Every structure is written in structure tokens, then in C-alpha cells.
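One file, model.tsv, is given below (TSV, C-alpha atoms (C1' of nucleotides)).
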chain	number	residue	atom	x	y	z
A	189	MET	CA	145.83	75.35	161.74
A	190	ASP	CA	145.25	75.01	158.03
A	191	LYS	CA	143.19	77.58	156.21
A	192	TYR	CA	140.63	76.59	153.62
A	193	ILE	CA	138.62	78.00	150.81
A	194	ILE	CA	135.51	76.16	149.78
A	195	SER	CA	134.99	77.13	146.18
A	196	ILE	CA	131.62	76.71	144.52
A	197	VAL	CA	131.33	76.93	140.75
A	198	GLY	CA	128.74	76.07	138.14
A	199	PRO	CA	126.65	77.63	135.41
A	200	THR	CA	124.40	80.60	135.90
A	201	GLY	CA	121.11	79.86	137.60
A	202	ILE	CA	122.11	76.50	139.03
A	203	GLY	CA	121.79	77.53	142.68
A	204	LYS	CA	125.31	78.52	143.71
A	205	THR	CA	124.12	81.41	145.84
A	206	SER	CA	121.77	79.24	147.83
A	207	LEU	CA	124.38	76.54	148.43
A	208	SER	CA	127.03	79.07	149.39
A	209	ILE	CA	124.74	80.56	152.03
A	210	LYS	CA	123.99	77.14	153.47
A	211	LEU	CA	127.67	76.33	153.66
A	212	ALA	CA	128.61	79.69	155.11
A	213	THR	CA	125.88	79.29	157.70
A	214	TYR	CA	127.06	75.82	158.61
A	215	PHE	CA	130.69	76.88	158.95
A	216	LYS	CA	129.75	80.23	160.50
A	217	THR	CA	131.81	82.13	157.99
A	218	GLU	CA	131.62	84.71	155.20
A	219	ILE	CA	131.28	84.61	151.44
A	220	ILE	CA	133.63	85.94	148.80
A	221	SER	CA	131.83	86.45	145.52
A	222	ALA	CA	133.75	85.90	142.30
A	223	ASP	CA	131.18	87.22	139.90
A	224	SER	CA	132.35	89.82	137.45
A	225	ARG	CA	128.99	91.56	137.30
A	226	GLN	CA	127.61	91.36	140.79
A	227	PHE	CA	130.23	93.89	141.89
A	228	TYR	CA	128.14	96.63	140.44
A	229	LYS	CA	125.59	98.16	142.76
A	230	GLU	CA	123.52	99.71	139.98
A	231	ILE	CA	122.52	96.39	138.40
A	232	PRO	CA	121.23	93.94	141.00
A	233	ILE	CA	118.26	92.48	139.12
A	234	GLY	CA	119.85	91.50	135.84
A	235	THR	CA	122.87	89.99	137.55
A	236	ALA	CA	120.81	87.93	140.00
A	237	ALA	CA	122.82	89.20	142.91
A	238	PRO	CA	122.04	87.84	146.38
A	239	SER	CA	118.98	89.53	147.88
A	240	ASN	CA	119.11	91.92	150.80
A	241	GLU	CA	117.83	89.16	153.07
A	242	GLU	CA	120.52	86.80	151.88
A	243	GLN	CA	123.14	89.45	152.40
A	244	LYS	CA	121.79	90.14	155.86
A	245	ALA	CA	121.99	86.48	156.80
A	246	ILE	CA	125.60	86.09	155.74
A	247	ILE	CA	128.32	88.64	155.14
A	248	HIS	CA	128.99	88.84	151.39
A	249	HIS	CA	132.14	90.45	150.05
A	250	PHE	CA	132.41	91.85	146.53
A	251	ILE	CA	128.70	92.21	146.05
A	252	HIS	CA	127.65	95.73	145.09
A	253	ASN	CA	130.97	97.12	146.22
A	254	LYS	CA	131.64	98.94	142.95
A	255	SER	CA	129.95	101.30	140.58
A	256	ILE	CA	129.59	100.63	136.90
A	257	LEU	CA	131.59	103.87	136.50
A	258	ASP	CA	134.62	102.42	138.30
A	259	LYS	CA	137.59	100.97	136.52
A	260	TYR	CA	137.97	97.42	137.67
A	261	SER	CA	139.84	94.37	136.50
A	262	VAL	CA	140.62	90.80	137.52
A	263	GLY	CA	143.97	91.97	138.77
A	264	ASP	CA	142.34	94.44	141.14
A	265	PHE	CA	139.92	91.76	142.20
A	266	GLU	CA	142.67	89.26	142.90
A	267	ARG	CA	144.50	91.68	145.18
A	268	GLU	CA	141.38	92.76	147.05
A	269	ALA	CA	140.02	89.25	147.37
A	270	ILE	CA	143.25	87.83	148.73
A	271	GLU	CA	143.47	90.65	151.22
A	272	CYS	CA	139.90	90.04	152.30
A	273	ILE	CA	140.40	86.29	152.60
A	274	THR	CA	143.53	86.81	154.66
A	275	THR	CA	141.60	89.00	157.06
A	276	ILE	CA	138.79	86.49	157.48
A	277	HIS	CA	141.23	83.63	157.87
A	278	LYS	CA	142.70	85.37	160.92
A	279	HIS	CA	139.64	84.46	162.90
A	280	ASN	CA	138.05	81.75	160.79
A	281	PRO	CA	139.77	78.82	159.08
A	282	ILE	CA	137.16	78.49	156.36
A	283	VAL	CA	136.01	80.94	153.70
A	284	VAL	CA	133.40	80.25	151.05
A	285	LEU	CA	134.18	81.43	147.53
A	286	VAL	CA	131.33	81.42	145.05
A	287	GLY	CA	131.11	82.68	141.53
A	288	GLY	CA	130.47	81.98	137.91
A	289	SER	CA	133.34	83.97	136.43
A	290	GLY	CA	135.98	81.39	135.67
A	291	LEU	CA	138.90	83.75	135.33
A	292	TYR	CA	138.03	85.47	138.59
A	293	VAL	CA	137.85	82.19	140.45
A	294	GLN	CA	141.17	81.17	138.94
A	295	ALA	CA	142.69	84.48	139.99
A	296	VAL	CA	141.81	83.82	143.62
A	297	LEU	CA	142.64	80.14	143.72
A	298	GLU	CA	145.80	80.07	141.62
A	299	GLY	CA	146.77	83.69	141.09
A	300	LEU	CA	147.65	85.50	137.92
A	301	ASP	CA	151.12	86.64	136.95
A	302	ASP	CA	151.97	90.18	137.93
A	303	PHE	CA	151.77	92.74	135.19
A	304	PRO	CA	152.75	96.36	135.54
A	305	GLU	CA	149.89	98.81	135.44
A	306	VAL	CA	149.80	100.56	132.08
A	307	SER	CA	147.91	103.67	131.21
A	308	ALA	CA	144.33	103.16	130.09
A	309	ASN	CA	145.00	105.54	127.23
A	310	ILE	CA	147.08	102.88	125.54
A	311	ARG	CA	144.14	100.53	125.30
A	312	THR	CA	141.86	103.32	124.14
A	313	GLN	CA	144.39	104.12	121.45
A	314	LEU	CA	144.69	100.45	120.45
A	315	ASN	CA	140.94	100.09	120.28
A	316	THR	CA	140.74	103.10	118.01
A	317	GLU	CA	143.45	101.72	115.76
A	318	PHE	CA	141.65	98.41	115.64
A	319	LYS	CA	138.35	100.03	114.77
A	320	THR	CA	139.77	102.16	111.98
A	321	ASN	CA	142.44	99.88	110.50
A	322	GLY	CA	141.42	96.39	111.48
A	323	ILE	CA	143.41	93.71	113.22
A	324	GLN	CA	146.23	93.10	110.73
A	325	GLY	CA	148.32	96.09	111.73
A	326	LEU	CA	148.10	95.12	115.37
A	327	GLN	CA	149.03	91.54	114.61
A	328	LYS	CA	152.09	92.74	112.72
A	329	GLU	CA	153.14	94.97	115.57
A	330	LEU	CA	152.77	92.08	117.99
A	331	LYS	CA	154.92	89.89	115.78
A	332	THR	CA	157.81	92.32	116.09
A	333	LEU	CA	157.32	93.37	119.71
A	334	ASP	CA	156.58	89.90	121.09
A	335	PRO	CA	157.07	86.96	118.71
A	336	ILE	CA	156.38	84.49	121.50
A	337	ALA	CA	152.97	85.93	122.24
A	338	TYR	CA	152.35	86.16	118.53
A	339	GLU	CA	152.73	82.40	118.30
A	340	ALA	CA	150.77	81.67	121.42
A	341	ILE	CA	147.68	83.80	121.45
A	342	ALA	CA	144.56	83.72	119.30
A	343	LEU	CA	145.40	86.30	116.67
A	344	ASP	CA	141.79	86.48	115.52
A	345	ASN	CA	140.79	87.69	118.94
A	346	PRO	CA	141.18	91.48	119.16
A	347	HIS	CA	140.93	91.47	122.96
A	348	ARG	CA	143.90	89.19	123.28
A	349	VAL	CA	146.03	90.98	120.74
A	350	ILE	CA	145.24	94.36	122.25
A	351	ARG	CA	145.97	93.19	125.77
A	352	ALA	CA	149.37	91.83	124.76
A	353	LEU	CA	150.15	95.00	122.86
A	354	GLU	CA	149.12	97.35	125.64
A	355	ILE	CA	151.68	95.66	127.87
A	356	CYS	CA	154.33	95.76	125.16
A	357	ARG	CA	153.73	99.43	124.43
A	358	GLY	CA	153.25	100.42	128.04
A	359	THR	CA	156.31	98.69	129.42
A	360	GLY	CA	158.63	98.51	126.45
A	361	LYS	CA	158.97	94.81	127.20
A	362	ALA	CA	157.37	91.70	125.77
A	363	TYR	CA	154.00	90.72	127.18
A	364	SER	CA	155.01	87.07	127.26
A	365	GLY	CA	157.97	87.91	129.46
A	366	PHE	CA	155.67	88.53	132.40
A	367	LEU	CA	153.97	85.17	132.06
A	368	ASN	CA	154.67	82.02	134.00
A	369	LYS	CA	156.73	83.48	136.74
A	370	GLU	CA	157.03	81.20	139.74
A	371	LYS	CA	153.65	79.97	140.92
A	372	LYS	CA	152.14	82.14	143.55
A	373	LYS	CA	152.00	80.51	146.93
A	374	ARG	CA	148.55	80.58	148.44
A	375	ASN	CA	148.47	80.01	152.15
A	376	PHE	CA	145.17	78.16	152.02
A	377	LYS	CA	143.95	74.86	150.70
A	378	THR	CA	140.99	74.63	148.41
A	379	ILE	CA	137.99	72.37	148.31
A	380	GLN	CA	136.28	72.71	144.97
A	381	ILE	CA	132.60	71.96	144.53
A	382	GLY	CA	130.81	72.10	141.20
A	383	LEU	CA	127.06	72.29	140.80
A	384	THR	CA	125.59	70.77	137.69
A	385	ALA	CA	122.41	69.42	136.12
A	386	GLU	CA	121.18	68.07	132.85
A	387	ARG	CA	121.63	70.64	130.16
A	388	SER	CA	117.92	70.84	129.40
A	389	LEU	CA	117.15	71.46	133.04
A	390	VAL	CA	119.77	74.20	133.29
A	391	TYR	CA	118.22	75.86	130.28
A	392	GLU	CA	114.72	75.61	131.73
A	393	ARG	CA	115.88	77.22	134.94
A	394	ILE	CA	117.54	80.00	133.00
A	395	ASN	CA	114.43	80.68	130.96
A	396	ARG	CA	112.33	80.85	134.08
A	397	ARG	CA	114.77	83.12	135.84
A	398	VAL	CA	114.84	85.56	132.96
A	399	ASP	CA	111.05	85.84	133.04
A	400	LEU	CA	111.34	86.47	136.73
A	401	MET	CA	113.90	89.23	136.18
A	402	ILE	CA	111.54	90.96	133.79
A	403	ALA	CA	108.74	90.65	136.34
A	404	LYS	CA	110.99	92.12	139.01
A	405	GLY	CA	111.58	95.24	136.95
A	406	LEU	CA	114.65	94.58	134.85
A	407	VAL	CA	113.46	97.03	132.21
A	408	ASP	CA	113.35	99.90	134.71
A	409	GLU	CA	116.75	98.91	136.01
A	410	VAL	CA	118.18	99.02	132.51
A	411	LYS	CA	116.45	102.34	131.88
A	412	SER	CA	118.20	103.79	134.89
A	413	VAL	CA	121.63	103.04	133.42
A	414	LEU	CA	120.77	103.67	129.79
A	415	GLU	CA	122.98	106.75	129.57
A	416	HIS	CA	125.98	104.57	130.42
A	417	LYS	CA	125.24	101.86	127.91
A	418	HIS	CA	128.72	102.08	126.40
A	419	LEU	CA	130.40	101.06	129.67
A	420	ASN	CA	132.02	97.68	129.79
A	421	ALA	CA	130.14	96.74	132.94
A	422	LEU	CA	126.97	96.96	130.88
A	423	ASN	CA	128.22	94.84	128.02
A	424	THR	CA	126.32	92.17	129.85
A	425	VAL	CA	123.56	89.68	129.19
A	426	GLY	CA	120.27	91.23	130.21
A	427	TYR	CA	121.41	94.78	129.56
A	428	LYS	CA	122.59	94.88	125.99
A	429	GLU	CA	119.37	93.22	124.84
A	430	VAL	CA	117.11	95.59	126.77
A	431	PHE	CA	119.06	98.58	125.49
A	432	ARG	CA	118.02	97.51	122.02
A	433	TYR	CA	114.40	97.32	123.11
A	434	LEU	CA	114.52	100.70	124.84
A	435	GLU	CA	115.95	102.24	121.70
A	436	GLY	CA	113.14	100.81	119.64
A	437	HIS	CA	115.11	98.19	117.71
A	438	CYS	CA	113.02	95.23	118.87
A	439	SER	CA	110.03	94.20	120.93
A	440	LEU	CA	110.30	93.39	124.60
A	441	ASP	CA	109.41	89.80	123.81
A	442	SER	CA	112.23	89.35	121.38
A	443	ALA	CA	114.64	91.10	123.77
A	444	THR	CA	113.55	88.65	126.46
A	445	GLU	CA	114.13	85.71	124.14
A	446	GLU	CA	117.59	87.05	123.32
A	447	ILE	CA	118.43	87.32	127.00
A	448	LYS	CA	117.42	83.72	127.47
A	449	LYS	CA	119.46	82.58	124.50
A	450	ASN	CA	122.54	84.53	125.54
A	451	SER	CA	122.23	83.28	129.10
A	452	ARG	CA	122.09	79.71	127.82
A	453	ARG	CA	125.21	80.30	125.80
A	454	PHE	CA	126.90	81.83	128.77
A	455	ALA	CA	126.04	78.77	130.81
A	456	LYS	CA	127.50	76.58	128.09
A	457	ARG	CA	130.78	78.51	128.21
A	458	GLN	CA	130.83	78.24	131.97
A	459	PHE	CA	130.53	74.47	131.66
A	460	THR	CA	133.42	74.46	129.24
A	461	TRP	CA	135.56	76.51	131.58
A	462	PHE	CA	134.80	74.68	134.79
A	463	LYS	CA	134.97	71.23	133.24
A	464	ARG	CA	138.71	71.55	132.87
A	465	GLN	CA	139.28	71.97	136.60
A	466	ASP	CA	139.80	68.36	137.42
A	467	LYS	CA	139.99	68.91	141.17
A	468	THR	CA	136.34	69.85	141.20
A	469	LYS	CA	133.91	67.47	142.84
A	470	TRP	CA	130.62	67.71	140.95
A	471	TYR	CA	127.19	67.44	142.48
A	472	ASP	CA	123.75	67.45	140.97
A	473	HIS	CA	122.00	70.67	141.94
A	474	ARG	CA	119.43	68.63	143.86
A	475	ALA	CA	122.04	66.80	145.90
A	476	PRO	CA	121.21	66.97	149.61
A	477	ILE	CA	123.36	69.41	151.54
A	478	GLU	CA	124.36	66.58	153.88
A	479	GLU	CA	126.06	64.79	151.02
A	480	ILE	CA	128.10	67.85	150.13
A	481	LEU	CA	128.92	68.55	153.75
A	482	ALA	CA	130.10	64.99	154.21
A	483	TYR	CA	132.55	65.44	151.37
A	484	ILE	CA	133.77	68.78	152.69
A	485	ASN	CA	134.20	67.45	156.21
A	486	LYS	CA	136.09	64.47	154.87
A	487	MET	CA	138.41	66.80	152.96
A	488	LEU	CA	138.85	68.98	156.04
A	489	SER	CA	139.76	66.06	158.27
A	490	CYS	CA	142.10	64.23	155.95
A	491	THR	CA	144.86	66.80	156.16
B	88	G	C1'	87.17	68.83	89.20
B	89	G	C1'	90.54	72.25	85.93
B	90	C	C1'	94.84	75.42	85.55
B	91	G	C1'	99.18	77.54	87.62
B	92	U	C1'	103.18	78.34	91.22
B	93	C	C1'	106.01	76.05	94.76
B	94	U	C1'	108.53	71.88	97.86
B	95	U	C1'	116.59	72.58	99.53
B	96	G	C1'	119.65	70.22	106.36
B	97	G	C1'	116.11	72.20	113.10
B	98	C	C1'	114.88	77.27	110.69
B	99	C	C1'	115.83	81.05	106.83
B	100	G	C1'	117.92	81.00	102.09
B	101	A	C1'	121.28	81.05	97.25
B	102	G	C1'	122.00	77.78	93.54
B	103	U	C1'	119.17	76.15	86.42
B	104	G	C1'	123.44	69.70	84.35
B	105	G	C1'	129.59	68.28	86.98
B	106	C	C1'	133.02	73.08	91.09
B	107	U	C1'	130.58	70.61	99.29
B	108	A	C1'	126.75	78.91	99.01
B	109	G	C1'	125.79	81.60	103.13
B	110	G	C1'	123.19	83.04	107.56
B	111	C	C1'	120.59	81.69	112.08
B	112	A	C1'	119.76	78.09	115.85
B	113	G	C1'	122.29	73.90	118.05
B	114	A	C1'	126.89	71.39	119.50
B	115	G	C1'	132.12	71.36	120.79
B	116	G	C1'	136.21	74.35	122.17
B	117	U	C1'	139.87	78.54	123.57
B	118	C	C1'	140.99	81.56	127.71
B	119	U	C1'	146.58	85.31	132.61
B	120	G	C1'	143.59	92.56	133.90
B	121	C	C1'	137.24	94.18	128.67
B	122	A	C1'	135.80	87.47	130.92
B	123	A	C1'	127.94	87.69	131.63
B	124	A	C1'	133.54	89.77	127.40
B	125	A	C1'	136.10	88.35	123.05
B	126	C	C1'	137.37	84.55	119.76
B	127	C	C1'	137.71	79.56	117.17
B	128	U	C1'	135.74	74.90	115.14
B	129	U	C1'	131.48	72.29	113.40
B	130	U	C1'	126.59	68.91	110.99
B	131	U	C1'	127.27	67.40	102.55
B	132	A	C1'	120.58	68.87	102.52
B	133	C	C1'	117.84	69.21	98.00
B	134	A	C1'	109.50	65.85	98.96
B	135	G	C1'	108.95	60.44	96.98
B	136	C	C1'	109.38	57.16	92.83
B	137	G	C1'	110.86	56.44	87.90
B	138	G	C1'	113.27	58.32	83.39
B	139	U	C1'	116.99	61.13	80.17
B	140	U	C1'	122.42	61.68	80.75
B	141	C	C1'	129.13	59.59	81.43
B	142	G	C1'	127.01	62.81	85.38
B	143	A	C1'	120.58	65.51	88.02
B	144	A	C1'	119.08	69.77	93.64
B	145	U	C1'	119.16	71.58	88.52
B	146	C	C1'	115.94	68.47	82.50
B	147	C	C1'	111.27	65.02	81.71
B	148	G	C1'	107.09	62.06	83.76
B	149	C	C1'	104.12	60.29	87.67
B	150	U	C1'	102.77	60.56	92.94
B	151	A	C1'	102.25	63.36	97.51
B	152	G	C1'	101.92	68.00	100.05
B	153	A	C1'	101.47	73.60	100.34
B	154	C	C1'	99.61	77.97	98.21
B	155	G	C1'	96.87	80.72	94.51
B	156	C	C1'	93.30	81.29	90.64
B	157	C	C1'	89.12	79.31	87.92
B	158	U	C1'	84.65	76.19	87.83
The structure given in the file should be rewritten as C-alpha cells.
Amino acid sequence: MDKYIISIVGPTGIGKTSLSIKLATYFKTEIISADSRQFYKEIPIGTAAPSNEEQKAIIHHFIHNKSILDKYSVGDFEREAIECITTIHKHNPIVVLVGGSGLYVQAVLEGLDDFPEVSANIRTQLNTEFKTNGIQGLQKELKTLDPIAYEAIALDNPHRVIRALEICRGTGKAYSGFLNKEKKKRNFKTIQIGLTAERSLVYERINRRVDLMIAKGLVDEVKSVLEHKHLNALNTVGYKEVFRYLEGHCSLDSATEEIKKNSRRFAKRQFTWFKRQDKTKWYDHRAPIEEILAYINKMLSCT
RNA sequence: GGCGUCUUGGCCGAGUGGCUAGGCAGAGGUCUGCAAAACCUUUUACAGCGGUUCGAAUCCGCUAGACGCCU
């Protein structure tokens, strides 16, 4: 029997969690989360992770399974997620995948090329070099170590340059050489659902949700992780703004406004990312569940 | 009522006769291990009317509005 993943994407605050639970309930299955911040158990409020009740109703994987102190990457996630999906598929043909992190969804659905693990020190070193000497030196190094990547990647983007270089330095081979190996075979089919709404409505929902987060105690949550503010996991909307407030750089009101603004921008980028997946069937966030189920059942039966 | 200062794109703001400031917000986009991250692109505006000039956001006049001071 064929195995399936029902993937749900969309901007933050659109109602993915709620839909995923309905679908998982209907198909009596489990949920794989592909959200790069909901992994972290220390920060449930600001990441709008599923509530305890929601998690009790349906088994959620990759929610609060990590600490902000852990090292974690998309590559790790891809491996763990595929393993988890394979296990569920042994006794259930359908798995629900839900998440707003485009790259993480892509990693599960299509797979990333395999890169050797390189020491974290290399990146630390590269970051230091970048901070002290700027990007030019790194660009030059990339040009000699990997001319193909030099042509292909956004040279203005330090993250991209540093990533390519850490592979070059760590392996002694060109970063680009690891790219575009034969497509990974996934032993499941995917049904992709997108949730959308008018932009103004999405923004309204975001604004409201941020107020709700504050009311639920976001500030205390941020306080509890303040000492770790430099961690990547906390370079996150909702946290970086409140850090500024806690350190006396701005009022709570202006921090709240910043969170709203940055969340709106995040949603905009999510639209940009998900728009390019042309296999996605889009639904208005108010679409009745029956309509979505009809589509899914049609897709399930036509194979 | 009189006198003075001011009026630049959604907002802030530089510009004092010819050389599209800049920033913010917004919008569009990129994306193979930091991804809620990081990065890229982007809107020719000078209150209105008239005048001077080859040429006016910039000089002159009138009108309107804002602010201040005086009566």
C-alpha cells in the first residue's frame, strides 16, 4: 500500500496547527512538526507551539524535543524526521506534516544533499574573521576554493558564504561538489495543502496573537532564557525584541509593536517561499474541513 | 488684526538655481545544515497659483495651512 504525507504549509498564525489536528484526528494518525523554533522546550509561548491539550489529543513529533542549548540543524532534522515517518508508516499509511519553516519542509519532502559533518569550530572561526575583517576576504577565499559556488551564491549574504566556506575548509573539497547528487528517493507520496488569507487579515491575526502572547506571559518566558540570549535558537521573533525591553532599550509597547512588525515580515517571507511550490493546493483559512478532506480523499484514491 | 518662522513622497529628514540624498514603513524577491535566520531589489516628492530665469524644491509675489510672538 502506498504511503502518504499530508503536508500543511502557510504563514504564521493562519491556523495550521488547528487544521493539522483535525486531519490527524480524521486519519487517526500522528503529526510531524516542521517548525524550526517549536523544537525548543524552553520557549513555548513565543513560538505558539501546540498546547498541552492539543498535544494530548494527537501525538506530535518534534515539538519541545530539544533544548535551546542543543546544537541542531536542518540536516539533523531531516534524518530524524524521515526515521520517525518511516516508523509511523509501518502501521499507518498517512502522516501529517505541518510547519512554517520552508527549508525544513523541503528537507522532509524532497531531501537535501548529503554534506559531511564539519567541526563547529570552523564556523566559529569564520564568523570571527567575518566580524573583524568583513566579507571581502571570505569572498576571495571562496573564489579560489570553489569558483562554482562563488558564481552561484549570494556573495552579499555572510551566512551563505560562510556555509560554503566551512564545507570547503572542513572537507578540503568544493562545497558545490556536494550539491545536486541524484535526487533522494522518498518512499511516500505527498499531498500538499496551503492555508492562506487576504494579507490584511493575516496581519490582523498576527497582531492579535502577539497581544495574546504578551497576555500569556511572554515577558516572563523571555526573562527565563535571558542569560542565553546569544544562542541562535533565541535569534527569534518575540525574543530578540523582548530582550531589548528587558535590558532597558525600549518600552514594552514598542517591543510589542516590533514583534508584530517582524512577525508580519516573517509571514510575508513565508508566502514568498511557499508560493513557489506549485504542487500546493491552496485553501482560504476559513475553508470548511470537508472541502479539504474531499481533496485529500480524491488524491488518495486516484493512485 | 500685526509681525515672524515654517510647509519636501505613507512617516522622518538632507538639500539654497542645473548633478534622481538618505533612513524608516510598505511592496516584491532569493534560499541545500544559523532559515522565526541571513541577504537582495524597489516607489523621482518638494502646499497651491503666478512670476523671474535657458533652467526653480531652491529666488520673488500672492493664496492656503501649521506654529510662535505682539496687540
For Gly288 in chain A: contacts at 8 Å, only C-alpha atoms (C1' of nucleotides), fewer than 5 positions along chain excluded, given as a list in words: Val197, Gly198, Pro199, Thr200, Ala222, Asp223, Val293 and Gln458 of chain A
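Minimum atom-to-atom distances from A:Leu383, A:Ile276, A:Val425, A:Val286 to chain B were compared using all atoms listed in the file, and the lowest value belongs to A:Val425.
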Enclose all atoms of range 341-346 of chain A listed in the file in an axis-aligned box, grow every side by 3 Å, and hand back centre and edge lengths in Å to one decimal, as lines of an AutoDock Vina configuration file.
center_x = 144.2
center_y = 87.6
center_z = 118.5
size_x = 12.9
size_y = 13.8
size_z = 11.9
Nearby residues, (119.5, 92.9, 133.8) file frame, 12 Å, only C-alpha atoms (C1' of nucleotides), as an MDAnalysis selection string: (chainID A and resid 225:226 228 230:237 397:414 421:431 443:444 447:448 451) or (chainID B and resid 123)
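Distances from B:G155, B:U92, B:G104, B:A122 to G142 in chain B were compared using only C-alpha atoms (C1' of nucleotides), and the smallest one belongs to B:G104.
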CA of Ile394 in chain A to CA of Gly201 in chain A, straight-line distance in Å: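 Computing it gives 5.8 Å between the two atoms.
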Exercise: range 105-109 of chain B partners within 10 Å, only C-alpha atoms (C1' of nucleotides), chain neighbours under 5 positions left out, as a list in words: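 Using only C-alpha atoms (C1' of nucleotides), the neighbours found are G100, U131, G142 and A143 of chain B.
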Counting all atoms listed in the file, which residues from chain A have an atom at most 8 Å from any atom of chain B, and could you show them as a CSV table (one decimal) with C-alpha atoms, keeping the file's coordinate frame?
chain,number,residue,atom,x,y,z
A,224,SER,CA,132.4,89.8,137.4
A,225,ARG,CA,129.0,91.6,137.3
A,261,SER,CA,139.8,94.4,136.5
A,262,VAL,CA,140.6,90.8,137.5
A,263,GLY,CA,144.0,92.0,138.8
A,264,ASP,CA,142.3,94.4,141.1
A,289,SER,CA,133.3,84.0,136.4
A,290,GLY,CA,136.0,81.4,135.7
A,291,LEU,CA,138.9,83.8,135.3
A,300,LEU,CA,147.6,85.5,137.9
A,301,ASP,CA,151.1,86.6,137.0
A,342,ALA,CA,144.6,83.7,119.3
A,344,ASP,CA,141.8,86.5,115.5
A,345,ASN,CA,140.8,87.7,118.9
A,346,PRO,CA,141.2,91.5,119.2
A,347,HIS,CA,140.9,91.5,123.0
A,348,ARG,CA,143.9,89.2,123.3
A,367,LEU,CA,154.0,85.2,132.1
A,420,ASN,CA,132.0,97.7,129.8
A,423,ASN,CA,128.2,94.8,128.0
A,424,THR,CA,126.3,92.2,129.8
A,425,VAL,CA,123.6,89.7,129.2
A,451,SER,CA,122.2,83.3,129.1
A,454,PHE,CA,126.9,81.8,128.8
A,460,THR,CA,133.4,74.5,129.2
